[in-house]
Amino acid sequence: MQLDGTIVALSSGRPPSAIAIVRVSGAEAVALAASFGVTGLAPRRASLRRLVSPLDGALLDRAVCVHFPGPETSTGEDIVEFHCHGSPAIVERVLADAVTLSGVRMAEPGEYTLRAVLNGRMGMADAEALADLIEARTEGERRRALRLSEGALSMRVAEWRARLIGLLADAESRLDFADEGDVPDDLTDLACRCDALAREIATVLSDSSDADKLTDGFHIVLTGSPNAGKSSLINALTAREAAIVTPEAGTTRDVVAVTIDLGGYKVTLEDTAGLRDGATGVEAIGIARTRERIARADLVIAVISPDTAATDVPADLVVHHKADLGGPAGALATSITDPASIDLLRDLLRERVSEAMRPAEAALVTRARQRSALGACIARLSDAAGEGQLELQAEALRLACYEMARMTGEIGIEDVLDDVFGRFCIGK
Amino acid sequence: MFHVKHDVVVVGAGHAGCEAAAAAARAGAKTALVTLNQDAIGRLSCNPAMGGIGKGHLIREVDALDGIIGRISDLAGIQYRLLNRSRGPAVRGPRAQIDRAAYAAAMQAEIAATDGLTVVEGEVADLTVDGGVVTGVRLADGRTLTAAAVILTTGTFLGGVIHLGEKTWTAGRMGEAAATDLSHRLRALGLPMKRLKTGTPPRLAASSIDWDALPEQPGDADPVFLSTMTTAPALEQRPCHVTGTNVETHAVIRVNLTRSAMYGGGITGVGPRYCPSIEDKVVRFADREGHQVFLEPEGLTSDLIYPNGISTSLPEDVQIAMVRSMAGCGRAEIVQPGYAIEYDAIDARALAPTLELRALPGLFLAGQINGTTGYEEAAAQGLLAGLNAARLAGGAQAVTMSRDVSYIGVMVDDLVTNGADEPYRMFTSRAENRLSLRADNAGERLTAWGETHGLIGAARKAHHAASMAAKQAAVERLRGLAITPNEAAGEGVGINRDGRRRDGFELLSHPEGGWRVVDRFCPDLETLPREVRDSLEADALYRTYTDRQMTVAAETRAADALAIPQDLAEQPIPGLSNELRQKLIARRPATIGEARRISGMTPAGLALIAAHARRAVA
Ligand SMILES: Nc1nc2c(ncn2[C@@H]2O[C@H](COP(=O)(O)OP(=O)(O)OP(=O)(O)O)[C@@H](O)[C@H]2O)c(=O)[nH]1
Ligand SMILES: [Mg+2]
């Protein structure tokens, strides 16, 4: 990624929209504003100004303009923002005119955040969290990313790092000042303290083992005899005509997956081929896939109806469908003729999902990179706890510090950058 | 006027100067050692001891390069203790109490007997410079000495000012004149100078101390010497004694703090945090009720005692009260009061890693002038400066020492990269490769390197070759061992019964193993010299970690190798903080590794520089 020059990009959502924010960051930001006829902006004050084209002097828009002088800005550089009217034509023209100015170019994806990190305005873990925040597709992901971007992980890491350095300093001072009588020689608790720190990191790590669940989503598989009404039920639950419904048994052959947002979580409902013995050909393949899905599902719902044979697939939930045709009293019953019964089932599913997703939402460690650095750090701390010689304990602690430095990006920051910033969209 | 031509002129005959002069002469340069007074050659200005943790490592490295500090120390050693004996071999440091008079005499004899080395008495008043290159020195009496290279090792003499209570006077050491003209000259050259300070305790009359009241601290029964060439103590051995400050001592100091030169505000220089004055200790560790004080003999024939741990710049009357409050010292007499001394040092970032001043070719600096403290640190720099000065005179390329291989390399790299904000002392924690940089393997690390640069004399060469051959043979013997878990169990060593045979190194490093067990299987190794056995045992003990360290080092080296173009500092690097930018311009790191070690470098700043460097390369 190129890192010099003044960058410009649309940093709000795609027009048409109420307003569109064009953000300029870099040494030439103020000069760029002047080229658009905007001068004398008071720092951090919004002023309504006329934007004129630096090329032909045409009036482009009346925009609210703000100047944030560096380095106390999000990127650490001078920033100017034009809050334009949210029309595609205006935004395109402003950007096109801006990049004709010398030293000004379009920002690359993630470049604003990259500059913030490089200018020391943001730590690595926080930038990763911001990347997650921007990418968040569900309320659950957003909540987690927000918590992380507010420093939930970076604060823990800073604390761990400080303790690690404290442990190392205690060991080193015993080694280097042994002859001076001014450092107490006993360091009996070093192993315990190493162990305690290792356990603490390990707990956070294991609590985060489900972190990917939030992105993968919760998987519900509907199963049952042919014609039990599985496809109808999915369509009703998702309020979509995703699956084909016919009175013919064996309509659904392949797995049909529908993803919805349920209570802020990504939930995938999978409609499957009805299970019956003696099926052949395409239907048999479909049944094999059904069994495969059942094995991997987070929740299996067996759909039973009075007009079809019962199946004995182990399920987490049994739904007595086609309740309008009868069925046992007091059971969980649904019917497409009764919207309230569908809502009830949806509420029940929402509860089950949020219960299952809560640990994933609470996860602090969300990336493979972080997991491997912290895992290695735990291993070195355990070494330190187990070594008999102080200089070997110190050595293990040095290696633990090295791994922690990889976690924070102090070491190997270059490896981290692509991973983090490759995923941003332009204007962030 | 009178002219003498030399290859190398060394100014100052302390530990840096003597080592520099000896190294330059060994490397084949016609060398002059200029000192105010011949009798002051090899004088120990402060404590009568050599070595210690980190410092002992440095001495062994200088010794491995056939330097003189270790050998001369052993000619004057009156007590040996291996510090950190209870810890592993990597952090053990040999240390010796030194007979001051014997040391100076042995050093003077050594210098006199060194081929190609002459001593010149006089005060260096000025450097002669021609076309931006140093061409020699001018003495206060008008003589000039021309040389291809000049090494300044001025210790505390450059702009030296002594503080004793409310009194202040210019001096290089108690009773010796400071080098004032040279100080003015260096400032006039525009070199980046700063003031540092150090202190020394009062000297006590041995006959005035009640020895029976004090516990004795004997030397080790089987002494470990500072030079690997030494086989037995040269002098009669003496114990030290232990006393200490107490609540009363601290009260005396507290009441009189404002009369201390340091606390009265008389001193602007920065002192060593790691060798604090007793005033400092009392203020900084206010909750401590006492500090240990070692009463060290200054020599077999000397009546002086050096009370290690109470360096001070309090007025003499307070010093007496303070000393007499300590156990065994109720009637102690002070023969020479303690004092603090402020002196000029150069910001070592102005030096190349060869110890030559970048801005003034031909001028090398070593010792306290570079911001270090300690005899051992001084000697180690002296050796490298002496070697490079001789190479410059002989038209050879200058050499540098890597921090991966030696403490000398660690120290020089730290100094030229970060300078020294406070007097710099060596610690084992400064070395990333601590487990490999040991006192026991200094020869293995450095002697061959020294040989290629002409530093190693015949006796050392033979000694080194013999011990390397013995070690190599032993290594093969140990590798060749194949002991079954059953056989090991027979010797009391419990190993997993996995059917895998263990080699000698595995037995050596096993908690229940060691030489005791290995000797049962290889009785022939029992007769190996102790130093070889120790070194093999250490290699075995640290093998897992040194292997892992090599991986980390390789990773770091790969990342650090990225070259930074010379002109990168001038290019606009948007977002690089002004502070880091200034550092970049001042330091001009050649690689990302050098940039990483600049103090105050942030991870973010480094990534930014790396990004620009990579783009410039592409
Ligand atoms: N009375 C009544 N009929 C329903 C209800 N839900 C579905 N049906 C009917 O039952 C028949 C089968 O419905 P589908 O949804 O296709 O059943 P399926 O389980 O997906 O069947 P296969 O895909 O063939 O396995 C269709 O004729 C639907 O109209 C319901 O709640 N009440
Ligand atoms: Mg169907």
# chains A, B, ... in the order shown; residues from 1 in each chain; ligands from 1
$ residues_near_ligand --ligand "ligand 2" --cutoff "6 Å" --atoms "only C-alpha atoms and all ligand atoms" --output "MDAnalysis selection string"
chainID A and resid 230:231 245 251:252
$ select_by_dssp --residues "stretch 169-400 of chain A" --states "strand (DSSP E)" --output "MDAnalysis selection string"
chainID A and resid 218:224 256:262 265:271 299:304 317:320
$ residues_near_ligand --ligand "ligand 1" --cutoff "8 Å" --atoms "only C-alpha atoms and all ligand atoms" --output "PyMOL selection string"
chain A and resi 223-233+243-253+271-275+303+321-325+334-338
$ closest_residue --among "B:Met174, B:Cys18, B:Ala595, B:Leu576" --to "chain A" --atoms "only C-alpha atoms"
B:Leu576
$ atom_distance --atom1 "atom CA of A:Ala211" --atom2 "atom CA of A:Glu361"
7.0 Å
$ interface_residues --of "chain B" --to "chain A" --cutoff "9 Å" --atoms "only C-alpha atoms" --output "MDAnalysis selection string"
chainID B and resid 52:54 83:84 87:88 90:92 291:293 309 427:429 432 434:435 542 545 549 552 556 559 572:577 602:608 610:612 615
$ residues_around --residues "B:Lys167" --least-positions-apart "3" --cutoff "9 Å" --atoms "only C-alpha atoms" --output "short mmCIF file (atom, residue, chain, number, x, y, z; two decimals) with all heavy atoms, in the first residue's frame"
data_model
loop_
_atom_site.label_atom_id
_atom_site.label_comp_id
_atom_site.auth_asym_id
_atom_site.auth_seq_id
_atom_site.Cartn_x
_atom_site.Cartn_y
_atom_site.Cartn_z
N ILE B 162 35.35 18.18 40.98
CA ILE B 162 35.05 17.40 42.18
C ILE B 162 34.10 18.18 43.09
O ILE B 162 34.22 19.41 43.22
CB ILE B 162 36.36 17.03 42.93
CG1 ILE B 162 37.07 15.92 42.16
CG2 ILE B 162 36.08 16.62 44.37
CD1 ILE B 162 38.33 15.39 42.83
N HIS B 163 33.14 17.47 43.66
CA HIS B 163 32.22 18.05 44.64
C HIS B 163 32.37 17.30 45.94
O HIS B 163 32.25 16.08 45.97
CB HIS B 163 30.77 17.92 44.17
CG HIS B 163 30.50 18.64 42.88
ND1 HIS B 163 29.92 19.88 42.83
CD2 HIS B 163 30.73 18.27 41.60
CE1 HIS B 163 29.81 20.25 41.56
NE2 HIS B 163 30.29 19.29 40.79
N LEU B 164 32.62 18.05 47.00
CA LEU B 164 32.73 17.43 48.32
C LEU B 164 32.00 18.34 49.28
O LEU B 164 32.50 19.41 49.62
CB LEU B 164 34.21 17.27 48.70
CG LEU B 164 34.55 16.82 50.12
CD1 LEU B 164 33.77 15.58 50.52
CD2 LEU B 164 36.05 16.53 50.22
N ALA B 261 26.55 17.60 47.98
CA ALA B 261 26.71 18.31 46.71
C ALA B 261 25.59 17.93 45.76
O ALA B 261 25.05 18.76 45.04
CB ALA B 261 28.07 17.97 46.10
N PRO B 315 29.60 16.47 53.18
CA PRO B 315 30.81 17.08 53.74
C PRO B 315 31.53 16.11 54.69
O PRO B 315 30.92 15.17 55.20
CB PRO B 315 30.28 18.29 54.53
CG PRO B 315 28.86 18.44 54.15
CD PRO B 315 28.38 17.17 53.57
#
$ atom_distance --atom1 "atom CA of B:Ala76" --atom2 "atom CA of B:Ile305"
16.1 Å
$ atom_distance --atom1 "atom CA of B:Glu296" --atom2 "atom CA of B:Cys240"
5.2 Å
$ residues_around --residues "stretch 340-344 of chain B" --least-positions-apart "3" --cutoff "7 Å" --atoms "only C-alpha atoms" --output "list in words"
Thr156, Phe157, Leu158, Gly159, Gly160, Val161, Ile162, His163, Leu164, Met193, Lys194, Arg195, Leu196, Lys197, Thr198, Gly199, Thr200, Gly269, Thr312, Ser313 and Ile369 of chain B
$ write_last_selection --atoms "all heavy atoms" --output "short mmCIF file (atom, residue, chain, number, x, y, z; two decimals), in the first residue's frame"
data_model
loop_
_atom_site.label_atom_id
_atom_site.label_comp_id
_atom_site.auth_asym_id
_atom_site.auth_seq_id
_atom_site.Cartn_x
_atom_site.Cartn_y
_atom_site.Cartn_z
N THR B 156 37.42 10.42 33.87
CA THR B 156 36.74 11.53 34.54
C THR B 156 37.57 12.82 34.44
O THR B 156 37.25 13.81 35.08
CB THR B 156 36.51 11.22 36.02
OG1 THR B 156 37.77 10.93 36.62
CG2 THR B 156 35.58 10.04 36.19
N PHE B 157 38.65 12.78 33.65
CA PHE B 157 39.56 13.94 33.62
C PHE B 157 39.05 15.07 32.73
O PHE B 157 39.37 16.22 32.96
CB PHE B 157 40.96 13.50 33.16
CG PHE B 157 41.74 12.87 34.28
CD1 PHE B 157 41.34 11.64 34.79
CD2 PHE B 157 42.85 13.49 34.83
CE1 PHE B 157 42.04 11.05 35.84
CE2 PHE B 157 43.56 12.91 35.87
CZ PHE B 157 43.16 11.69 36.38
N LEU B 158 38.25 14.70 31.70
CA LEU B 158 37.82 15.72 30.74
C LEU B 158 36.81 16.65 31.41
O LEU B 158 35.69 16.27 31.72
CB LEU B 158 37.18 15.03 29.53
CG LEU B 158 37.08 15.84 28.25
CD1 LEU B 158 38.45 16.21 27.71
CD2 LEU B 158 36.30 15.08 27.20
N GLY B 159 37.27 17.90 31.65
CA GLY B 159 36.39 18.87 32.30
C GLY B 159 35.99 18.43 33.69
O GLY B 159 34.90 18.77 34.15
N GLY B 160 36.84 17.66 34.37
CA GLY B 160 36.48 17.11 35.67
C GLY B 160 36.32 18.17 36.75
O GLY B 160 37.10 19.12 36.84
N VAL B 161 35.25 18.01 37.56
CA VAL B 161 35.01 18.90 38.69
C VAL B 161 34.62 18.03 39.88
O VAL B 161 33.68 17.24 39.80
CB VAL B 161 33.88 19.91 38.40
CG1 VAL B 161 33.55 20.73 39.65
CG2 VAL B 161 34.26 20.83 37.24
N ILE B 162 35.35 18.18 40.98
CA ILE B 162 35.05 17.40 42.18
C ILE B 162 34.10 18.18 43.09
O ILE B 162 34.22 19.41 43.22
CB ILE B 162 36.36 17.03 42.93
CG1 ILE B 162 37.07 15.92 42.16
CG2 ILE B 162 36.08 16.62 44.37
CD1 ILE B 162 38.33 15.39 42.83
N HIS B 163 33.14 17.47 43.66
CA HIS B 163 32.22 18.05 44.64
C HIS B 163 32.37 17.30 45.94
O HIS B 163 32.25 16.08 45.97
CB HIS B 163 30.77 17.92 44.17
CG HIS B 163 30.50 18.64 42.88
ND1 HIS B 163 29.92 19.88 42.83
CD2 HIS B 163 30.73 18.27 41.60
CE1 HIS B 163 29.81 20.25 41.56
NE2 HIS B 163 30.29 19.29 40.79
N LEU B 164 32.62 18.05 47.00
CA LEU B 164 32.73 17.43 48.32
C LEU B 164 32.00 18.34 49.28
O LEU B 164 32.50 19.41 49.62
CB LEU B 164 34.21 17.27 48.70
CG LEU B 164 34.55 16.82 50.12
CD1 LEU B 164 33.77 15.58 50.52
CD2 LEU B 164 36.05 16.53 50.22
N MET B 193 28.25 17.15 23.52
CA MET B 193 28.80 16.80 24.83
C MET B 193 27.70 16.84 25.88
O MET B 193 26.69 17.50 25.74
CB MET B 193 29.86 17.81 25.24
CG MET B 193 30.90 18.10 24.19
SD MET B 193 32.19 16.86 24.15
CE MET B 193 33.13 17.36 25.57
N LYS B 194 27.95 16.12 26.96
CA LYS B 194 27.06 16.23 28.12
C LYS B 194 27.87 16.01 29.38
O LYS B 194 29.03 15.62 29.32
CB LYS B 194 25.93 15.21 28.00
CG LYS B 194 26.41 13.79 27.88
CD LYS B 194 25.20 12.89 27.73
CE LYS B 194 25.62 11.52 27.26
NZ LYS B 194 24.48 10.70 26.92
N ARG B 195 27.24 16.28 30.52
CA ARG B 195 27.90 16.12 31.81
C ARG B 195 27.36 14.88 32.50
O ARG B 195 26.16 14.69 32.61
CB ARG B 195 27.65 17.34 32.70
CG ARG B 195 28.19 18.64 32.13
CD ARG B 195 29.69 18.71 32.17
NE ARG B 195 30.20 19.10 33.50
CZ ARG B 195 31.49 19.05 33.80
NH1 ARG B 195 32.37 18.62 32.89
NH2 ARG B 195 31.90 19.42 35.00
N LEU B 196 28.27 14.05 32.97
CA LEU B 196 27.87 12.90 33.78
C LEU B 196 28.58 13.03 35.12
O LEU B 196 29.49 13.82 35.28
CB LEU B 196 28.27 11.60 33.09
CG LEU B 196 27.55 11.28 31.78
CD1 LEU B 196 28.10 9.99 31.18
CD2 LEU B 196 26.05 11.17 31.96
N LYS B 197 28.13 12.21 36.07
CA LYS B 197 28.78 12.26 37.37
C LYS B 197 28.93 10.86 37.92
O LYS B 197 28.22 9.93 37.53
CB LYS B 197 27.98 13.11 38.34
CG LYS B 197 26.69 12.42 38.76
CD LYS B 197 26.09 13.02 40.00
CE LYS B 197 24.89 12.16 40.42
NZ LYS B 197 23.75 12.89 40.87
N THR B 198 29.85 10.70 38.81
CA THR B 198 29.99 9.45 39.52
C THR B 198 30.53 9.78 40.90
O THR B 198 30.86 10.94 41.17
CB THR B 198 30.90 8.46 38.75
OG1 THR B 198 30.89 7.21 39.43
CG2 THR B 198 32.32 8.96 38.66
N GLY B 199 30.58 8.79 41.76
CA GLY B 199 31.03 9.10 43.11
C GLY B 199 31.88 7.99 43.65
O GLY B 199 31.95 6.90 43.11
N THR B 200 32.55 8.27 44.74
CA THR B 200 33.41 7.28 45.37
C THR B 200 33.26 7.45 46.89
O THR B 200 32.97 8.55 47.36
CB THR B 200 34.86 7.47 44.86
OG1 THR B 200 35.61 6.30 45.15
CG2 THR B 200 35.53 8.68 45.45
N GLY B 269 25.23 17.14 36.40
CA GLY B 269 25.44 15.92 35.65
C GLY B 269 24.52 14.79 36.11
O GLY B 269 23.97 14.82 37.20
N THR B 312 29.61 8.86 48.35
CA THR B 312 28.90 10.03 48.91
C THR B 312 29.60 11.33 48.53
O THR B 312 30.80 11.35 48.26
CB THR B 312 28.83 9.92 50.45
OG1 THR B 312 28.16 11.07 50.96
CG2 THR B 312 30.23 9.85 51.06
N SER B 313 28.82 12.40 48.52
CA SER B 313 29.42 13.73 48.36
C SER B 313 29.02 14.63 49.52
O SER B 313 28.99 15.84 49.40
CB SER B 313 29.00 14.35 47.03
OG SER B 313 27.60 14.50 46.97
N ILE B 369 34.35 8.53 28.59
CA ILE B 369 34.04 9.62 27.67
C ILE B 369 32.84 9.27 26.79
O ILE B 369 32.11 10.13 26.32
CB ILE B 369 35.28 9.99 26.81
CG1 ILE B 369 35.05 11.31 26.06
CG2 ILE B 369 35.61 8.87 25.83
CD1 ILE B 369 36.28 11.86 25.37
#
$ residues_around --residues "stretch 562-569 of chain B" --least-positions-apart "3" --cutoff "7 Å" --atoms "only C-alpha atoms" --output "number ranges by chain"
B: 559, 581, 584-585, 588-592, 613
$ closest_residue --among "A:Val64, A:Leu32, A:Val91, A:Val104" --to "A:Pro16" --atoms "only C-alpha atoms"
A:Val91
